[in-house]
Structure formats: C-alpha cells, structure tokens
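Dropping query-v8.pdb in here (PDB, C-alpha atoms):
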ATOM      1  CA  MET A   1     106.483  85.428  88.089
ATOM      2  CA  ASP A   2     104.499  82.180  88.220
ATOM      3  CA  HIS A   3     103.967  82.753  91.951
ATOM      4  CA  GLU A   4     102.631  86.259  91.305
ATOM      5  CA  ARG A   5     100.497  85.018  88.427
ATOM      6  CA  ARG A   6      98.800  82.419  90.625
ATOM      7  CA  HIS A   7      98.078  84.993  93.313
ATOM      8  CA  ALA A   8      96.767  87.607  90.887
ATOM      9  CA  ALA A   9      94.346  85.119  89.316
ATOM     10  CA  ASN A  10      93.570  83.200  92.512
ATOM     11  CA  ASP A  11      94.161  80.038  90.462
ATOM     12  CA  GLN A  12      90.755  80.446  88.833
ATOM     13  CA  ASP A  13      91.597  81.327  85.254
ATOM     14  CA  PRO A  14      93.373  78.664  83.140
ATOM     15  CA  CYS A  15      93.691  81.010  80.121
ATOM     16  CA  PHE A  16      95.454  83.604  82.219
ATOM     17  CA  HIS A  17      97.996  80.992  83.429
ATOM     18  CA  HIS A  18      99.299  80.578  79.880
ATOM     19  CA  LEU A  19     100.398  84.187  79.465
ATOM     20  CA  LYS A  20     103.910  84.413  78.062
ATOM     21  CA  PHE A  21     106.620  86.788  79.211
ATOM     22  CA  GLU A  22     106.325  88.799  75.982
ATOM     23  CA  GLU A  23     102.608  89.244  76.626
ATOM     24  CA  ILE A  24     103.362  90.449  80.141
ATOM     25  CA  LEU A  25     105.629  93.102  78.599
ATOM     26  CA  THR A  26     102.812  94.078  76.216
ATOM     27  CA  VAL A  27     100.467  94.618  79.165
ATOM     28  CA  ARG A  28     103.203  96.586  80.906
ATOM     29  CA  ASN A  29     103.546  98.947  77.936
ATOM     30  CA  ILE A  30      99.781  99.442  77.744
ATOM     31  CA  ILE A  31      99.615 100.388  81.436
ATOM     32  CA  ILE A  32     102.517 102.837  81.129
ATOM     33  CA  ASN A  33     101.234 104.476  77.956
ATOM     34  CA  HIS A  34      97.570 104.626  79.003
ATOM     35  CA  TYR A  35      97.848 105.307  82.727
ATOM     36  CA  ASP A  36      95.175 108.028  82.505
ATOM     37  CA  GLN A  37      92.459 105.815  80.991
ATOM     38  CA  SER A  38      89.722 104.153  83.006
ATOM     39  CA  GLY A  39      89.873 100.583  84.237
ATOM     40  CA  THR A  40      87.257  99.518  81.689
ATOM     41  CA  GLU A  41      89.172 101.094  78.794
ATOM     42  CA  LEU A  42      92.429  99.567  80.027
ATOM     43  CA  CYS A  43      90.862  96.086  80.133
ATOM     44  CA  ASN A  44      89.554  96.488  76.580
ATOM     45  CA  LEU A  45      92.996  97.562  75.333
ATOM     46  CA  VAL A  46      94.679  94.589  76.989
ATOM     47  CA  SER A  47      92.068  92.155  75.745
ATOM     48  CA  ARG A  48      92.379  93.321  72.119
ATOM     49  CA  SER A  49      96.194  93.458  72.151
ATOM     50  CA  LEU A  50      96.790  89.789  72.958
ATOM     51  CA  GLU A  51      96.237  86.687  70.844
ATOM     52  CA  PRO A  52      94.102  84.789  71.530
ATOM     53  CA  GLN A  53      91.972  87.614  72.843
ATOM     54  CA  LEU A  54      91.467  87.495  76.599
ATOM     55  CA  ASP A  55      88.062  87.509  78.208
ATOM     56  CA  PRO A  56      87.366  90.441  80.606
ATOM     57  CA  ARG A  57      88.264  88.494  83.736
ATOM     58  CA  ALA A  58      91.576  87.283  82.310
ATOM     59  CA  ALA A  59      92.389  90.831  81.149
ATOM     60  CA  ARG A  60      91.747  92.181  84.657
ATOM     61  CA  ASN A  61      93.954  89.475  86.160
ATOM     62  CA  ALA A  62      96.739  90.300  83.707
ATOM     63  CA  ILE A  63      96.561  93.976  84.670
ATOM     64  CA  LYS A  64      96.634  93.129  88.382
ATOM     65  CA  LEU A  65      99.673  90.911  87.855
ATOM     66  CA  VAL A  66     101.638  93.566  85.974
ATOM     67  CA  ILE A  67     100.775  96.243  88.548
ATOM     68  CA  ARG A  68     102.114  93.917  91.253
ATOM     69  CA  LEU A  69     105.349  93.395  89.356
ATOM     70  CA  LEU A  70     105.718  96.957  88.090
ATOM     71  CA  LEU A  71     104.607  99.055  91.068
ATOM     72  CA  LEU A  72     104.766  96.615  94.015
ATOM     73  CA  THR A  73     101.080  97.299  94.621
ATOM     74  CA  LYS A  74      98.077  95.017  94.998
ATOM     75  CA  VAL A  75      94.886  96.271  93.373
ATOM     76  CA  GLU A  76      91.459  94.737  92.998
ATOM     77  CA  PHE A  77      88.892  95.704  90.369
ATOM     78  CA  SER A  78      85.678  96.765  92.037
ATOM     79  CA  ASP A  79      82.630  98.998  91.639
ATOM     80  CA  ASN A  80      82.794  99.937  95.317
ATOM     81  CA  ILE A  81      85.809 101.129  97.321
ATOM     82  CA  PHE A  82      84.573  99.169 100.345
ATOM     83  CA  ARG A  83      84.296  95.807  98.574
ATOM     84  CA  VAL A  84      87.958  94.916  98.179
ATOM     85  CA  PRO A  85      90.241  92.530 100.089
ATOM     86  CA  GLN A  86      92.298  93.929 102.918
ATOM     87  CA  ARG A  87      95.599  95.570 101.933
ATOM     88  CA  HIS A  88      94.455  96.069  98.324
ATOM     89  CA  LEU A  89      93.745  99.325  96.520
ATOM     90  CA  PRO A  90      90.281  99.510  94.917
ATOM     91  CA  PHE A  91      90.580  99.888  91.140
ATOM     92  CA  LEU A  92      87.222 101.345  90.142
ATOM     93  CA  ASN A  93      85.986 100.712  86.617
ATOM     94  CA  ASP A  94      85.660 104.432  85.847
ATOM     95  CA  GLN A  95      88.957 105.370  87.495
ATOM     96  CA  SER A  96      92.435 105.440  85.939
ATOM     97  CA  ILE A  97      95.356 103.422  87.249
ATOM     98  CA  LYS A  98      97.149 106.700  87.960
ATOM     99  CA  ALA A  99      94.308 107.872  90.222
ATOM    100  CA  THR A 100      94.221 104.444  91.873
ATOM    101  CA  ILE A 101      97.940 104.411  92.702
ATOM    102  CA  GLU A 102      97.762 108.001  93.970
ATOM    103  CA  ARG A 103      95.660 106.677  96.861
ATOM    104  CA  LEU A 104      98.919 105.470  98.381
ATOM    105  CA  GLU A 105     100.122 109.046  98.740
ATOM    106  CA  ASN A 106      96.815 110.713  99.536
ATOM    107  CA  THR A 107      96.408 109.209 102.985
ATOM    108  CA  PRO A 108      94.108 110.966 105.452
ATOM    109  CA  PRO A 109      95.929 113.159 107.972
ATOM    110  CA  LEU A 110      96.340 112.192 111.598
ATOM    111  CA  LEU A 111      93.103 112.620 113.535
ATOM    112  CA  GLN A 112      94.877 114.830 116.027
ATOM    113  CA  GLU A 113      98.231 116.470 116.383
ATOM    114  CA  ALA A 114     100.833 113.937 117.433
ATOM    115  CA  VAL A 115     101.776 114.211 121.095
ATOM    116  CA  LEU A 116     105.073 112.531 120.345
ATOM    117  CA  HIS A 117     107.145 114.454 117.831
ATOM    118  CA  GLN A 118     109.945 111.899 117.467
ATOM    119  CA  PHE A 119     109.949 108.145 117.134
ATOM    120  CA  PRO A 120     111.931 106.708 120.073
ATOM    121  CA  ARG A 121     115.183 104.800 119.648
ATOM    122  CA  TRP A 122     113.526 101.561 120.704
ATOM    123  CA  PHE A 123     111.274 101.881 117.624
ATOM    124  CA  ASN A 124     113.407  99.384 115.669
ATOM    125  CA  VAL A 125     112.972  95.809 114.458
ATOM    126  CA  ILE A 126     114.890  94.211 117.339
ATOM    127  CA  ASP A 127     113.374  96.123 120.258
ATOM    128  CA  LEU A 128     109.871  95.925 118.808
ATOM    129  CA  GLU A 129     110.153  92.146 119.004
ATOM    130  CA  LYS A 130     111.800  92.055 122.442
ATOM    131  CA  MET A 131     109.964  94.900 124.196
ATOM    132  CA  ALA A 132     106.626  95.165 122.414
ATOM    133  CA  GLY A 133     106.061  91.513 121.520
ATOM    134  CA  LEU A 134     105.554  92.333 117.824
ATOM    135  CA  LYS A 135     106.881  89.881 115.287
ATOM    136  CA  VAL A 136     108.489  91.688 112.326
ATOM    137  CA  GLU A 137     108.402  90.140 108.860
ATOM    138  CA  TRP A 138     109.142  91.370 105.346
ATOM    139  CA  ALA A 139     106.490  92.473 102.875
ATOM    140  CA  ASP A 140     106.773  92.451  99.085
ATOM    141  CA  TYR A 141     104.145  95.099  98.359
ATOM    142  CA  ILE A 142     103.707  98.748  99.250
ATOM    143  CA  THR A 143     100.090  98.040 100.172
ATOM    144  CA  ASP A 144     101.294  95.661 102.918
ATOM    145  CA  HIS A 145     103.930  98.066 104.252
ATOM    146  CA  LEU A 146     103.502  99.010 107.946
ATOM    147  CA  THR A 147     100.419  96.866 108.471
ATOM    148  CA  ILE A 148      99.910  94.678 111.539
ATOM    149  CA  VAL A 149      98.160  91.336 111.114
ATOM    150  CA  ASP A 150      97.757  88.940 114.066
ATOM    151  CA  GLY A 151     100.625  90.493 116.000
ATOM    152  CA  THR A 152     102.983  90.605 112.995
ATOM    153  CA  LEU A 153     104.307  93.887 111.618
ATOM    154  CA  TYR A 154     105.060  93.831 107.890
ATOM    155  CA  VAL A 155     107.847  96.061 106.560
ATOM    156  CA  LEU A 156     108.577  96.482 102.855
ATOM    157  CA  ARG A 157     111.921  95.034 101.819
ATOM    158  CA  ASN A 158     112.202  95.995  98.152
ATOM    159  CA  VAL A 159     114.325  99.119  98.566
ATOM    160  CA  GLU A 160     116.216  98.505  95.317
ATOM    161  CA  ALA A 161     112.956  98.096  93.406
ATOM    162  CA  LEU A 162     111.756 101.423  94.819
ATOM    163  CA  LYS A 163     114.971 103.075  93.658
ATOM    164  CA  TYR A 164     114.409 101.606  90.184
ATOM    165  CA  ILE A 165     110.878 103.032  90.069
ATOM    166  CA  GLN A 166     112.213 106.385  91.257
ATOM    167  CA  GLY A 167     114.841 106.403  88.515
ATOM    168  CA  SER A 168     112.407 105.437  85.759
ATOM    169  CA  PRO A 169     110.881 108.554  84.117
ATOM    170  CA  ALA A 170     107.858 106.605  82.858
ATOM    171  CA  LEU A 171     107.025 105.106  86.246
ATOM    172  CA  ALA A 172     107.915 108.110  88.380
ATOM    173  CA  GLN A 173     106.018 110.563  86.178
ATOM    174  CA  GLY A 174     102.936 108.444  85.622
ATOM    175  CA  PHE A 175     102.438 106.840  89.004
ATOM    176  CA  LEU A 176     104.536 107.288  92.153
ATOM    177  CA  THR A 177     106.232 110.594  92.897
ATOM    178  CA  SER A 178     109.899 110.777  93.828
ATOM    179  CA  GLU A 179     108.978 112.338  97.183
ATOM    180  CA  PHE A 180     106.692 109.449  98.071
ATOM    181  CA  ILE A 181     109.299 106.850  97.135
ATOM    182  CA  SER A 182     111.974 108.643  99.170
ATOM    183  CA  GLU A 183     109.647 108.761 102.168
ATOM    184  CA  THR A 184     108.819 105.078 101.750
ATOM    185  CA  ILE A 185     112.518 104.183 101.786
ATOM    186  CA  LYS A 186     113.023 106.366 104.871
ATOM    187  CA  SER A 187     110.107 104.620 106.601
ATOM    188  CA  ILE A 188     111.899 101.296 106.056
ATOM    189  CA  LEU A 189     115.289 102.497 107.258
ATOM    190  CA  LEU A 190     113.579 104.116 110.258
ATOM    191  CA  PHE A 191     113.474 100.652 111.854
ATOM    192  CA  PHE A 192     117.261 100.363 111.631
ATOM    193  CA  PRO A 193     118.702 103.330 113.583
ATOM    194  CA  VAL A 194     122.495 103.348 113.398
ATOM    195  CA  ASN A 195     124.695 102.821 116.460
ATOM    196  CA  HIS A 196     121.845 101.140 118.335
ATOM    197  CA  HIS A 197     122.055  97.460 117.351
ATOM    198  CA  ASP A 198     124.001  95.264 114.980
ATOM    199  CA  TYR A 199     121.109  94.261 112.746
ATOM    200  CA  ARG A 200     123.028  91.832 110.562
ATOM    201  CA  ALA A 201     122.325  88.874 112.849
ATOM    202  CA  TRP A 202     118.621  89.758 112.858
ATOM    203  CA  LEU A 203     118.597  90.117 109.064
ATOM    204  CA  ARG A 204     120.402  86.840 108.592
ATOM    205  CA  GLY A 205     118.023  84.924 110.860
ATOM    206  CA  ASN A 206     118.720  81.221 110.531
ATOM    207  CA  GLY A 207     120.247  81.540 107.076
ATOM    208  CA  LYS A 208     122.925  83.577 105.360
ATOM    209  CA  LEU A 209     123.127  87.305 104.747
ATOM    210  CA  GLU A 210     121.787  87.747 101.212
ATOM    211  CA  ASP A 211     122.736  90.472  98.738
ATOM    212  CA  TRP A 212     119.636  92.556  99.446
ATOM    213  CA  HIS A 213     120.428  92.333 103.168
ATOM    214  CA  GLN A 214     123.869  93.762 102.462
ATOM    215  CA  THR A 215     122.319  96.577 100.462
ATOM    216  CA  LEU A 216     119.954  97.354 103.323
ATOM    217  CA  VAL A 217     122.859  97.417 105.803
ATOM    218  CA  ARG A 218     124.695  99.874 103.547
ATOM    219  CA  ASP A 219     121.624 102.074 103.164
ATOM    220  CA  TYR A 220     120.774 102.407 106.854
ATOM    221  CA  SER A 221     124.438 102.986 107.662
ATOM    222  CA  GLU A 222     124.957 105.698 105.048
ATOM    223  CA  GLN A 223     121.463 107.241 105.005
ATOM    224  CA  PRO A 224     120.029 107.253 108.538
ATOM    225  CA  SER A 225     116.345 108.169 108.492
ATOM    226  CA  SER A 226     114.788 111.106 110.260
ATOM    227  CA  ARG A 227     112.914 110.166 113.421
ATOM    228  CA  GLU A 228     110.670 113.245 113.257
ATOM    229  CA  VAL A 229     106.995 112.306 112.936
ATOM    230  CA  ALA A 230     106.392 115.386 110.760
ATOM    231  CA  ASP A 231     108.809 114.061 108.129
ATOM    232  CA  TYR A 232     106.383 111.259 107.220
ATOM    233  CA  PRO A 233     103.250 112.906 105.781
ATOM    234  CA  ALA A 234     102.283 109.840 103.717
ATOM    235  CA  TRP A 235     103.292 107.095 106.160
ATOM    236  CA  GLY A 236     102.838 108.984 109.448
ATOM    237  CA  ARG A 237      99.387 107.539 110.072
ATOM    238  CA  ARG A 238     100.548 103.920 109.764
ATOM    239  CA  LEU A 239     103.770 104.585 111.692
ATOM    240  CA  THR A 240     101.794 106.171 114.519
ATOM    241  CA  HIS A 241      99.444 103.183 114.545
ATOM    242  CA  VAL A 242     102.442 100.832 114.842
ATOM    243  CA  LEU A 243     103.779 102.935 117.718
ATOM    244  CA  GLU A 244     100.426 102.836 119.506
ATOM    245  CA  ALA A 245     100.175  99.077 118.993
ATOM    246  CA  SER A 246     103.683  98.593 120.381
ATOM    247  CA  ASN A 247     102.718 100.566 123.495
ATOM    248  CA  SER A 248      99.608  98.483 124.133
ATOM    249  CA  GLU A 249      99.611  95.663 126.632
ATOM    250  CA  GLY A 250      99.442  92.809 124.144
ATOM    251  CA  ALA A 251     100.584  89.306 125.056
ATOM    252  CA  TRP A 252     103.114  89.213 127.877
ATOM    253  CA  SER A 253     105.870  86.719 128.546
ATOM    254  CA  PHE A 254     108.759  86.632 131.014
ATOM    255  CA  ARG A 255     111.115  87.376 128.106
ATOM    256  CA  ARG A 256     109.179  90.496 127.196
ATOM    257  CA  LEU A 257     108.918  91.549 130.855
ATOM    258  CA  TRP A 258     112.676  91.277 131.187
ATOM    259  CA  HIS A 259     113.559  93.173 128.018
ATOM    260  CA  ASP A 260     110.866  95.879 128.155
ATOM    261  CA  THR A 261     112.850  98.692 129.795
ATOM    262  CA  ARG A 262     111.018 101.526 128.032
ATOM    263  CA  ASN A 263     109.626 102.632 131.398
ATOM    264  CA  GLU A 264     112.311 101.872 133.992
ATOM    265  CA  SER A 265     110.157 102.677 137.048
ATOM    266  CA  LEU A 266     107.440 100.342 135.750
ATOM    267  CA  TRP A 267     110.104  97.707 134.989
ATOM    268  CA  TRP A 268     111.365  97.854 138.610
ATOM    269  CA  THR A 269     107.807  97.771 139.960
ATOM    270  CA  ARG A 270     106.921  94.690 137.929
ATOM    271  CA  TRP A 271     110.030  92.766 138.859
ATOM    272  CA  SER A 272     109.825  93.807 142.508
ATOM    273  CA  LEU A 273     106.310  92.405 142.570
ATOM    274  CA  ILE A 274     107.350  89.224 140.733
ATOM    275  CA  THR A 275     110.299  88.793 143.103
ATOM    276  CA  ALA A 276     108.088  89.374 146.159
ATOM    277  CA  VAL A 277     105.550  86.806 144.957
ATOM    278  CA  PHE A 278     108.322  84.322 144.141
ATOM    279  CA  LEU A 279     109.944  84.733 147.572
ATOM    280  CA  ALA A 280     106.568  84.453 149.295
ATOM    281  CA  LEU A 281     105.942  81.171 147.478
ATOM    282  CA  VAL A 282     109.427  79.883 148.315
ATOM    283  CA  PHE A 283     109.184  80.795 151.994
ATOM    284  CA  GLY A 284     105.643  79.431 152.130
ATOM    285  CA  LEU A 285     106.862  76.162 150.630
ATOM    286  CA  ILE A 286     109.777  76.017 153.069
ATOM    287  CA  GLN A 287     107.428  76.692 155.972
ATOM    288  CA  SER A 288     105.063  73.964 154.805
ATOM    289  CA  ILE A 289     107.886  71.454 154.461
ATOM    290  CA  THR A 290     109.249  72.395 157.881
ATOM    291  CA  GLY A 291     105.800  71.964 159.402
ATOM    292  CA  ILE A 292     105.401  68.542 157.809
ATOM    293  CA  ILE A 293     108.816  67.444 159.102
ATOM    294  CA  GLN A 294     107.927  68.634 162.628
ATOM    295  CA  VAL A 295     104.665  66.722 162.551
ATOM    296  CA  VAL A 296     106.407  63.552 161.365
ATOM    297  CA  TYR A 297     109.051  63.792 164.082
ATOM    298  CA  ALA A 298     106.429  64.517 166.728
ATOM    299  CA  SER A 299     104.410  61.486 165.700
ATOM    300  CA  ARG A 300     107.501  59.262 165.969
ATOM    301  CA  SER A 301     108.526  60.556 169.385
ATOM    302  CA  PRO A 302     107.904  58.052 172.239
ATOM    303  CA  GLY A 303     104.879  58.614 174.528
TER     304      GLY A 303
END
Represent the structure from my file as structure tokens, please.
Amino acid sequence: MDHERRHAANDQDPCFHHLKFEEILTVRNIIINHYDQSGTELCNLVSRSLEPQLDPRAARNAIKLVIRLLLLTKVEFSDNIFRVPQRHLPFLNDQSIKATIERLENTPPLLQEAVLHQFPRWFNVIDLEKMAGLKVEWADYITDHLTIVDGTLYVLRNVEALKYIQGSPALAQGFLTSEFISETIKSILLFFPVNHHDYRAWLRGNGKLEDWHQTLVRDYSEQPSSREVADYPAWGRRLTHVLEASNSEGAWSFRRLWHDTRNESLWWTRWSLITAVFLALVFGLIQSITGIIQVVYASRSPG
C-alpha cells in the first residue's frame, strides 16, 4: 500500500503519506456509497470525513489511491480529458466516478470491419516474444492492460482480483459490469492457448512458480478463451492493435528470423538469401586466400 500511496501522490504531499489503513477504508466506503456524485463532491466528502481534515489536493490523492487499490484503475483529476498522463482515465470535476470507470467499457468501435476474424495460434506470450520481437510483461492496472510501450506489451495479471470485483455486489453494480470483467479475464487467458506451449517455464522466468502463476495455469487450462475477434467488444480495439504491431517489421535479430515461421514461404526466402550471402562471402574469402597463397608461391619461385 505504501508503494501505491507514493505513486498516487507522486511523493508531493506529506500529509497524504500519513493516511492510516482505517482512513483508507473510510475513503473506500465513501467511493462505494457515493459513486454517482461528481469528483468535486467526492473530494469534499473525503476531506470532511477525515481528521485532521485533508486539503483538496490530499483528498484527490486519497481518492486516486483507493481507486487504484479497489478497481485496479489509474485515474487523474482534470478539467480536460486531453490533459491527463498516458494510461490514466480522466476524472473530470463534474463527472462521477461511475461515469469515469465506464470509459473502460465504452471503447470506440474498430474503424473498419476486421479482416481477420480469429486471433492466430501464435498470438501467445511465447511466440510474440520469439516471432514478433515483443517483450511481454505484467501490468497491475486495467488501464495498462494491452498497451505497448517501447516494444513491451503489458498484460494484466490480477485475475483473482478481477474475480473478487466480479463477486462483490457493491463493486460490480456500481462500477464494472460482470460482462466486462469476464471479457477482461478472457483477454488475459487469450495469450495462453492450451496444447500449444508449456507456459510454466515462461511464467516462472528466473524465479519460482508463485501461487498466482499456479492459478493462472489452472484458469487457462480449464477455461480456454475464445479466439474470435467478435467476442471482444471492449478489448477488441487494443487486441487488434497488438496484432498489427506484432505483424510490423520492428527490430530484427537472427533469433527472431529463425523463429518467425508465421509465413513459411517468406521464412525460406529470407534464409535462402542469408545462406546465399554467407556462402558467397565464404567462397570469396577462400578465393582471396587462395589467390594470396598463389602470389606468395610465385614470388618465391626461382627465376
């Protein structure tokens, strides 16, 4: 919680850093019970409910912190939807928290009908790294889910937290719908198609397989996700963007060239060309060495 508190306040508010756990729960109850009130009204309620009374900035930071912990969502108070940090939802002063969180579900539709109706089998965490050159890392917030930053794809890991939100009447009714949460979980498990790879080694990385890893393994084994693009109305836009990014040229390496077998004819063409260039260099080097040896012998030959 201290980590989240520092991030929510950007280490700028010493009063906010002294919030106690009980006060965090008080803010939580205010958000749940007054989810339909404006951001300004919510800040006033929070400020008056805590002792000593918080100033407006500290109250806003407290609300941002609790929304992070409660709904796995990063928000930023603003008077303009365009003046917020990347991967944050704008929390307008005259808008309720409910309306703010609903932005997650009300994503704009795809600009055009998807040409591809199914996500391919290689659209998984292992092949995206090997074939597409994308690094895959875990995200803690829904607002970071399925975003690409500097060649890194972020995938939400808090499946159990999503299930808790889905099972909580107060949270599910006031903020995120059950359908959206189910689709979000499916969009995570989509990257772990069964009978394609053993993902446990990838999940473990250089450490041990943690409890939440085990839960994820159980989920993708027992509840394989649909690979139909149409089954992701809320996340389809971001998923399609990830697919397009993975099909782009990007940064190439010999490892990626070797593993990228998505287009077999192109794979053979590339490696035929690489092999031809390599052999040409080898034979050219051999010819040069042979020529040098002949010249040396000729120069040493008598008269």
With 9 Å as the threshold, what does the neighbourhood of (113.9, 99.4, 116.1) contain in terms of residues, counting only C-alpha atoms? Coordinates are those of the file; answer as a PyMOL selection string.
chain A and resi 120-129+190-193+196-197
Computed interatomic separation between atom CA of A:Lys64 and atom CA of A:Val84 (Å):
13.2 Å
Which one of A:Asp219, A:Glu22, A:Glu41, A:Glu244 sits closest to A:Ile188 if you count all atoms listed in the file?
A:Asp219
Nearest residue to A:Leu92 from the set A:Lys74, A:Arg68, A:Glu51, A:Ser38 (distances using all atoms listed in the file)
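For A:Leu92, the nearest of the candidates is A:Ser38.
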Grab the atom CA of A:Gln53 to atom CA of A:Lys20 distance for me, in Å with one decimal place.
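Going from atom CA of A:Gln53 over to atom CA of A:Lys20 covers 13.4 Å.
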How many Å separate atom CA of A:Asp140 from atom CA of A:Lys186?
16.3 Å
